[in-house]
Amino acid sequence: MSQAVTNNLEAFWMPFTANRQFKKNPRMLVGAKDMHYTAADGRQILDGTAGLWCCNAGHGRPKVVEAIQKQAAELDYAPAFQMGHPKAFELAARLSAMMPKPLDHVFFTNSGSESVETALKTAIAYHRAKGNAAKTRLIGRQRGYHGVNFGGISVGGISGNRKMFGSLLTGVDHIRDTHDIERNAFTRGQPEHGAEFADDLLNVIKLHDASTIAAVIVEPMAGSTGVLIPPKGYLERLRKICDDNDILLIFDEVITGFGRLGSAFAVDHFGVVPDMVTTAKGLTSGTVPMGAVFVSSSIYEAFMQGPEHMIEFFHGYTYSGHPLACAAALGTLDTYEDEGLMTRGAELADHWADALHSLKDHPHVIDIRNMGLIGAVELEPIAGEPTKRAFSAFLKAFEEGLMIRTTGDIIALSPPLIISRAQIDEVFGILGKVLKAID
Ligand code: PMP
């Protein structure tokens, strides 16, 4: 490894990483093109995770690179408040045309976490604008991941992400997640059992009364907590309960957005339309930080026609609709369109599922889940040492030239949508070898 790469590892406090362990044996990436990363030692690493579930168009794609370069030279920054630039409007119009009605307005952020905070604040302010100021309570799920800001960790359900940070937001409750491998193990696609988990919401309503509840936020398919595919009928049931009780339904599509499930959004895939959709990641294929929140026309209109003091939404970021991010997103959408990437996950779904489920009888495997171009292999945890087995698989896979992601003892896979059938076979060939090699 060259000095330039290893010179000083101390200063950077790395997120979600055991820093001491990493710095003893750093895994450095120095380049990326299409389906591969280049490691500092020159090895090609097959990207089995699209970076962090974000580089959906693959790496170093010409239209995206050119768009960013051109924009940096032309208009590097424009204030986001009381000022505009054409690409932000163009992008919002193009995005809203991709979403089913009535999700036809778009608010820009810089990340998934900011999209979530924006949606939660919008939900509370919306009810206030409608004269229902008591509707403030937010409902999440036990195995939910909604980023790392205070709203997101409050509605989220990952204890590790919450316990260091005090009492969090008040007025938050959780319903159960749909992880149920006793009934649904090794299901391909949507599991049969579990629609009734949605009825937990009825209990929460009984407890707190609908007049105090603003919104429910769920990942239509939970990614970071282990690729949990919604049971048949579950999302439909949540939608109905929300409708019956004037509760907004928010889909967190930070992972599922932009082609992951074989359609542009999970909204299309499941045919259930929420009141808001949070996105980020695939919006720019991971190249420039950006997020977007889709809101329904009735939410937007509630502000536009609401009380005088709410016509301006007192929320936004210095970099909302940043010109470089907008250019990157437009270049990304062009690439998705030119190459048919929004439906490629559907075309490859059977090949992907066959290859993934061929790992069924490998050592330690207790469940496999899939949909579109996403998959999970759940491993039996080593008693008293949760996460250790999957993490050894992660290290071994990197050694073997494959990038995977682990969460607890679950291996998650979500390659760029440009992956070929041969590369899918390569991913599972390496993973099979890894599972046989670890304890
Ligand atoms: N929501 C979901 C569903 C996510 O998967 C993530 C990131 N994995 C986030 C929010 C947070 O996104 P970011 O890391 O860009 O803040």
# chains A, B, ... in the order shown; residues from 1 in each chain; ligands from 1
call {"tool": "residues_near_ligand", "arguments": {"ligand": "ligand 1", "cutoff": "8 Å", "atoms": "only C-alpha atoms and all ligand atoms", "output": "PyMOL selection string"}}
result
chain A and resi 52-53+110-116+144-149+152+219+222-224+252-256+278-281+289-291
call {"tool": "write_last_selection", "arguments": {"atoms": "C-alpha atoms", "output": "mmCIF file, in the first residue's frame"}}
result
data_model
loop_
_atom_site.group_PDB
_atom_site.id
_atom_site.type_symbol
_atom_site.label_atom_id
_atom_site.label_comp_id
_atom_site.auth_asym_id
_atom_site.auth_seq_id
_atom_site.Cartn_x
_atom_site.Cartn_y
_atom_site.Cartn_z
ATOM 1 C CA LEU A 52 -24.095 1.336 0.775
ATOM 2 C CA TRP A 53 -27.203 0.356 -1.252
ATOM 3 C CA ASN A 110 -28.944 15.989 1.488
ATOM 4 C CA SER A 111 -29.349 12.489 2.884
ATOM 5 C CA GLY A 112 -31.764 9.796 3.903
ATOM 6 C CA SER A 113 -31.637 10.943 7.528
ATOM 7 C CA GLU A 114 -32.593 14.473 6.529
ATOM 8 C CA SER A 115 -35.393 13.164 4.330
ATOM 9 C CA VAL A 116 -36.801 11.324 7.325
ATOM 10 C CA GLY A 144 -36.999 -0.003 11.584
ATOM 11 C CA TYR A 145 -34.042 2.037 10.365
ATOM 12 C CA HIS A 146 -34.690 5.643 9.515
ATOM 13 C CA GLY A 147 -31.252 7.213 9.659
ATOM 14 C CA VAL A 148 -29.391 8.641 12.590
ATOM 15 C CA ASN A 149 -30.864 12.045 13.415
ATOM 16 C CA GLY A 152 -35.018 8.955 12.841
ATOM 17 C CA GLU A 219 -39.717 0.968 5.180
ATOM 18 C CA ALA A 222 -36.767 -2.948 5.520
ATOM 19 C CA GLY A 223 -33.148 -2.960 4.343
ATOM 20 C CA SER A 224 -30.637 -2.174 7.075
ATOM 21 C CA ASP A 252 -39.085 5.304 3.792
ATOM 22 C CA GLU A 253 -37.765 4.348 0.353
ATOM 23 C CA VAL A 254 -34.170 5.400 0.925
ATOM 24 C CA ILE A 255 -33.108 1.879 -0.083
ATOM 25 C CA THR A 256 -36.066 0.673 -2.161
ATOM 26 C CA THR A 278 -38.508 9.573 1.641
ATOM 27 C CA THR A 279 -35.632 8.878 -0.727
ATOM 28 C CA ALA A 280 -31.855 9.496 -1.108
ATOM 29 C CA LYS A 281 -29.061 7.084 -2.154
ATOM 30 C CA PRO A 289 -25.169 13.559 -1.360
ATOM 31 C CA MET A 290 -28.857 14.222 -1.978
ATOM 32 C CA GLY A 291 -32.267 13.213 -0.677
#
call {"tool": "residues_around", "arguments": {"residues": "Gly375 of chain A", "least_positions_apart": "6", "cutoff": "6 Å", "atoms": "only C-alpha atoms", "output": "list in words"}}
result
Arg369, Ala412 and Leu413 of chain A
call {"tool": "select_by_dssp", "arguments": {"residues": "segment 53-158 of chain A", "states": "strand (DSSP E)", "output": "PyMOL selection string"}}
result
chain A and resi 105-109+137-141
call {"tool": "write_last_selection", "arguments": {"atoms": "C-alpha atoms", "output": "PDB file, in the first residue's frame"}}
result
ATOM      1  CA  HIS A 105     -44.397  17.623  -4.887  1.00  0.00           C
ATOM      2  CA  VAL A 106     -40.759  17.202  -3.959  1.00  0.00           C
ATOM      3  CA  PHE A 107     -38.687  18.698  -1.118  1.00  0.00           C
ATOM      4  CA  PHE A 108     -34.896  18.352  -1.423  1.00  0.00           C
ATOM      5  CA  THR A 109     -32.515  17.291   1.351  1.00  0.00           C
ATOM      6  CA  ARG A 137     -47.489  11.373  17.870  1.00  0.00           C
ATOM      7  CA  LEU A 138     -45.195   9.405  15.533  1.00  0.00           C
ATOM      8  CA  ILE A 139     -45.264   5.635  15.125  1.00  0.00           C
ATOM      9  CA  GLY A 140     -42.389   3.494  13.862  1.00  0.00           C
ATOM     10  CA  ARG A 141     -41.537  -0.195  13.958  1.00  0.00           C
TER      11      ARG A 141
END
call {"tool": "residues_around", "arguments": {"residues": "segment 59-70 of chain A", "least_positions_apart": "4", "cutoff": "10 Å", "atoms": "only C-alpha atoms", "output": "PyMOL selection string"}}
result
chain A and resi 31-37+47+50-51+55+74-76+284-288+323-335+416+418
call {"tool": "residues_around", "arguments": {"residues": "segment 391-399 of chain A", "least_positions_apart": "4", "cutoff": "7 Å", "atoms": "only C-alpha atoms", "output": "short mmCIF file (atom, residue, chain, number, x, y, z; two decimals) with C-alpha atoms, in the first residue's frame"}}
result
data_model
loop_
_atom_site.label_atom_id
_atom_site.label_comp_id
_atom_site.auth_asym_id
_atom_site.auth_seq_id
_atom_site.Cartn_x
_atom_site.Cartn_y
_atom_site.Cartn_z
CA THR A 387 -22.62 -10.53 14.70
CA MET A 403 -18.04 -6.59 -1.14
CA ILE A 404 -21.02 -7.65 1.00
CA ARG A 405 -22.81 -5.88 3.85
CA THR A 406 -23.74 -7.36 7.19
CA LEU A 431 -20.32 -16.26 -1.15
CA VAL A 434 -16.99 -17.93 2.04
CA LEU A 435 -19.80 -19.70 3.94
CA ILE A 438 -16.00 -19.54 8.10
#
call {"tool": "select_by_dssp", "arguments": {"residues": "segment 218-380 of chain A", "states": "helix (DSSP H, G or I)", "output": "number ranges by chain"}}
result
A: 234-244, 266-270, 281-284, 297-304, 308-310, 323-338, 341-357
call {"tool": "atom_distance", "arguments": {"atom1": "atom CA of Ile368 of chain A", "atom2": "atom CA of Glu196 of chain A"}}
result
22.0 Å
call {"tool": "residues_around", "arguments": {"residues": "Asp104 of chain A", "least_positions_apart": "5", "cutoff": "10 Å", "atoms": "only C-alpha atoms", "output": "ChimeraX atom specification"}}
result
/A:92-99,276,294-298,300
call {"tool": "closest_atom_pairs", "arguments": {"of": "segment 186-294 of chain A", "to": "segment 351-359 of chain A", "cutoff": "9 Å", "atoms": "only C-alpha atoms", "output": "JSON lines"}}
result
{"residue": "A:Phe186", "atom": "CA", "partner": "A:His357", "partner_atom": "CA", "distance": 7.7}
{"residue": "A:Arg188", "atom": "CA", "partner": "A:Ala353", "partner_atom": "CA", "distance": 7.1}
{"residue": "A:Gly189", "atom": "CA", "partner": "A:Ala353", "partner_atom": "CA", "distance": 8.6}
call {"tool": "atom_distance", "arguments": {"atom1": "atom CA of Asp268 of chain A", "atom2": "atom CA of Phe428 of chain A"}}
result
28.3 Å
call {"tool": "atom_distance", "arguments": {"atom1": "atom CA of Asn245 of chain A", "atom2": "atom CA of Ala210 of chain A"}}
result
5.9 Å
call {"tool": "residues_around", "arguments": {"residues": "Pro100 of chain A", "least_positions_apart": "5", "cutoff": "10 Å", "atoms": "only C-alpha atoms", "output": "ChimeraX atom specification"}}
result
/A:265,267-268,271-273,296
call {"tool": "closest_residue", "arguments": {"among": "A:His309, A:Ile158, A:Arg27, A:Gln71", "to": "Ala39 of chain A", "atoms": "only C-alpha atoms"}}
result
A:Arg27
call {"tool": "closest_residue", "arguments": {"among": "A:Met342, A:Leu228, A:Leu207, A:Ile311", "to": "Gly282 of chain A", "atoms": "only C-alpha atoms"}}
result
A:Met342
call {"tool": "closest_residue", "arguments": {"among": "A:Gly372, A:Thr122, A:Asp244, A:Tyr317", "to": "Met221 of chain A", "atoms": "only C-alpha atoms"}}
result
A:Gly372
call {"tool": "closest_residue", "arguments": {"among": "A:Arg183, A:His208, A:Lys130, A:Arg176", "to": "Gln305 of chain A", "atoms": "only C-alpha atoms"}}
result
A:Lys130
call {"tool": "closest_residue", "arguments": {"among": "A:Gln190, A:Val216, A:Ala292, A:Ser159", "to": "His174 of chain A", "atoms": "only C-alpha atoms"}}
result
A:Val216
call {"tool": "decode", "arguments": {"residues": "segment 230-273 of chain A", "atoms": "N, CA and C atoms", "output": "JSON list (two decimals), in the first residue's frame"}}
result
[["chain", "number", "residue", "atom", "x", "y", "z"],
["A", 230, "PRO", "N", -42.15, -7.33, 3.03],
["A", 230, "PRO", "CA", -43.46, -7.24, 3.67],
["A", 230, "PRO", "C", -44.34, -8.43, 3.32],
["A", 231, "PRO", "N", -45.01, -9.01, 4.31],
["A", 231, "PRO", "CA", -45.93, -10.12, 4.01],
["A", 231, "PRO", "C", -47.05, -9.66, 3.10],
["A", 232, "LYS", "N", -47.61, -10.60, 2.35],
["A", 232, "LYS", "CA", -48.72, -10.27, 1.45],
["A", 232, "LYS", "C", -49.86, -9.62, 2.22],
["A", 233, "GLY", "N", -50.35, -8.49, 1.73],
["A", 233, "GLY", "CA", -51.49, -7.83, 2.36],
["A", 233, "GLY", "C", -51.14, -6.88, 3.48],
["A", 234, "TYR", "N", -49.89, -6.91, 3.94],
["A", 234, "TYR", "CA", -49.51, -6.11, 5.12],
["A", 234, "TYR", "C", -49.59, -4.60, 4.86],
["A", 235, "LEU", "N", -48.95, -4.17, 3.76],
["A", 235, "LEU", "CA", -48.92, -2.72, 3.48],
["A", 235, "LEU", "C", -50.32, -2.20, 3.18],
["A", 236, "GLU", "N", -51.11, -3.01, 2.51],
["A", 236, "GLU", "CA", -52.49, -2.63, 2.20],
["A", 236, "GLU", "C", -53.27, -2.39, 3.50],
["A", 237, "ARG", "N", -53.03, -3.27, 4.47],
["A", 237, "ARG", "CA", -53.75, -3.17, 5.75],
["A", 237, "ARG", "C", -53.32, -1.91, 6.51],
["A", 238, "LEU", "N", -52.03, -1.64, 6.50],
["A", 238, "LEU", "CA", -51.55, -0.41, 7.16],
["A", 238, "LEU", "C", -52.21, 0.81, 6.53],
["A", 239, "ARG", "N", -52.27, 0.81, 5.17],
["A", 239, "ARG", "CA", -52.86, 1.94, 4.45],
["A", 239, "ARG", "C", -54.32, 2.14, 4.89],
["A", 240, "LYS", "N", -55.04, 1.06, 4.99],
["A", 240, "LYS", "CA", -56.47, 1.16, 5.33],
["A", 240, "LYS", "C", -56.65, 1.72, 6.75],
["A", 241, "ILE", "N", -55.84, 1.22, 7.68],
["A", 241, "ILE", "CA", -55.98, 1.69, 9.07],
["A", 241, "ILE", "C", -55.63, 3.18, 9.14],
["A", 242, "CYS", "N", -54.60, 3.59, 8.41],
["A", 242, "CYS", "CA", -54.23, 5.01, 8.39],
["A", 242, "CYS", "C", -55.36, 5.85, 7.80],
["A", 243, "ASP", "N", -55.93, 5.38, 6.69],
["A", 243, "ASP", "CA", -57.05, 6.11, 6.06],
["A", 243, "ASP", "C", -58.22, 6.27, 7.02],
["A", 244, "ASP", "N", -58.54, 5.18, 7.69],
["A", 244, "ASP", "CA", -59.71, 5.19, 8.58],
["A", 244, "ASP", "C", -59.52, 6.15, 9.75],
["A", 245, "ASN", "N", -58.26, 6.51, 10.05],
["A", 245, "ASN", "CA", -58.00, 7.27, 11.27],
["A", 245, "ASN", "C", -57.29, 8.61, 11.03],
["A", 246, "ASP", "N", -57.28, 9.07, 9.79],
["A", 246, "ASP", "CA", -56.64, 10.34, 9.44],
["A", 246, "ASP", "C", -55.18, 10.38, 9.95],
["A", 247, "ILE", "N", -54.48, 9.27, 9.71],
["A", 247, "ILE", "CA", -53.06, 9.19, 10.07],
["A", 247, "ILE", "C", -52.27, 9.13, 8.77],
["A", 248, "LEU", "N", -51.21, 9.93, 8.67],
["A", 248, "LEU", "CA", -50.41, 9.91, 7.43],
["A", 248, "LEU", "C", -49.52, 8.66, 7.41],
["A", 249, "LEU", "N", -49.38, 8.09, 6.22],
["A", 249, "LEU", "CA", -48.49, 6.94, 6.05],
["A", 249, "LEU", "C", -47.26, 7.40, 5.28],
["A", 250, "ILE", "N", -46.09, 7.16, 5.89],
["A", 250, "ILE", "CA", -44.83, 7.54, 5.24],
["A", 250, "ILE", "C", -44.07, 6.27, 4.87],
["A", 251, "PHE", "N", -43.70, 6.14, 3.61],
["A", 251, "PHE", "CA", -42.81, 5.05, 3.21],
["A", 251, "PHE", "C", -41.39, 5.59, 3.15],
["A", 252, "ASP", "N", -40.50, 4.95, 3.87],
["A", 252, "ASP", "CA", -39.09, 5.30, 3.79],
["A", 252, "ASP", "C", -38.47, 4.44, 2.69],
["A", 253, "GLU", "N", -38.29, 5.06, 1.53],
["A", 253, "GLU", "CA", -37.77, 4.35, 0.35],
["A", 253, "GLU", "C", -36.31, 4.73, 0.07],
["A", 254, "VAL", "N", -35.57, 5.02, 1.13],
["A", 254, "VAL", "CA", -34.17, 5.40, 0.93],
["A", 254, "VAL", "C", -33.40, 4.25, 0.26],
["A", 255, "ILE", "N", -33.75, 3.02, 0.59],
["A", 255, "ILE", "CA", -33.11, 1.88, -0.08],
["A", 255, "ILE", "C", -33.94, 1.38, -1.27],
["A", 256, "THR", "N", -35.26, 1.30, -1.10],
["A", 256, "THR", "CA", -36.07, 0.67, -2.16],
["A", 256, "THR", "C", -36.27, 1.57, -3.37],
["A", 257, "GLY", "N", -36.06, 2.88, -3.19],
["A", 257, "GLY", "CA", -36.25, 3.81, -4.30],
["A", 257, "GLY", "C", -35.23, 3.60, -5.41],
["A", 258, "PHE", "N", -35.62, 3.94, -6.62],
["A", 258, "PHE", "CA", -34.76, 3.92, -7.79],
["A", 258, "PHE", "C", -34.29, 2.52, -8.19],
["A", 259, "GLY", "N", -35.28, 1.65, -8.35],
["A", 259, "GLY", "CA", -35.05, 0.41, -9.08],
["A", 259, "GLY", "C", -34.70, -0.83, -8.29],
["A", 260, "ARG", "N", -34.51, -0.70, -7.00],
["A", 260, "ARG", "CA", -34.00, -1.84, -6.24],
["A", 260, "ARG", "C", -34.92, -3.06, -6.32],
["A", 261, "LEU", "N", -36.23, -2.83, -6.32],
["A", 261, "LEU", "CA", -37.17, -3.97, -6.30],
["A", 261, "LEU", "C", -37.66, -4.36, -7.71],
["A", 262, "GLY", "N", -37.11, -3.70, -8.72],
["A", 262, "GLY", "CA", -37.54, -4.05, -10.09],
["A", 262, "GLY", "C", -38.56, -3.07, -10.65],
["A", 263, "SER", "N", -38.86, -2.03, -9.89],
["A", 263, "SER", "CA", -39.68, -0.93, -10.39],
["A", 263, "SER", "C", -39.06, 0.33, -9.79],
["A", 264, "ALA", "N", -39.45, 1.51, -10.31],
["A", 264, "ALA", "CA", -38.78, 2.72, -9.84],
["A", 264, "ALA", "C", -38.86, 2.82, -8.32],
["A", 265, "PHE", "N", -40.05, 2.57, -7.77],
["A", 265, "PHE", "CA", -40.25, 2.69, -6.32],
["A", 265, "PHE", "C", -41.03, 1.48, -5.80],
["A", 266, "ALA", "N", -40.92, 1.25, -4.50],
["A", 266, "ALA", "CA", -41.73, 0.19, -3.87],
["A", 266, "ALA", "C", -43.21, 0.51, -4.02],
["A", 267, "VAL", "N", -43.52, 1.81, -4.05],
["A", 267, "VAL", "CA", -44.91, 2.25, -4.26],
["A", 267, "VAL", "C", -45.49, 1.57, -5.49],
["A", 268, "ASP", "N", -44.72, 1.52, -6.58],
["A", 268, "ASP", "CA", -45.18, 0.86, -7.81],
["A", 268, "ASP", "C", -45.25, -0.65, -7.60],
["A", 269, "HIS", "N", -44.23, -1.17, -6.98],
["A", 269, "HIS", "CA", -44.13, -2.62, -6.85],
["A", 269, "HIS", "C", -45.30, -3.19, -6.06],
["A", 270, "PHE", "N", -45.63, -2.54, -4.94],
["A", 270, "PHE", "CA", -46.68, -3.09, -4.07],
["A", 270, "PHE", "C", -48.06, -2.49, -4.36],
["A", 271, "GLY", "N", -48.09, -1.42, -5.16],
["A", 271, "GLY", "CA", -49.37, -0.82, -5.50],
["A", 271, "GLY", "C", -50.07, -0.18, -4.31],
["A", 272, "VAL", "N", -49.29, 0.22, -3.31],
["A", 272, "VAL", "CA", -49.87, 0.92, -2.14],
["A", 272, "VAL", "C", -49.25, 2.32, -2.13],
["A", 273, "VAL", "N", -50.09, 3.34, -2.12],
["A", 273, "VAL", "CA", -49.57, 4.71, -2.23],
["A", 273, "VAL", "C", -49.67, 5.41, -0.87]]
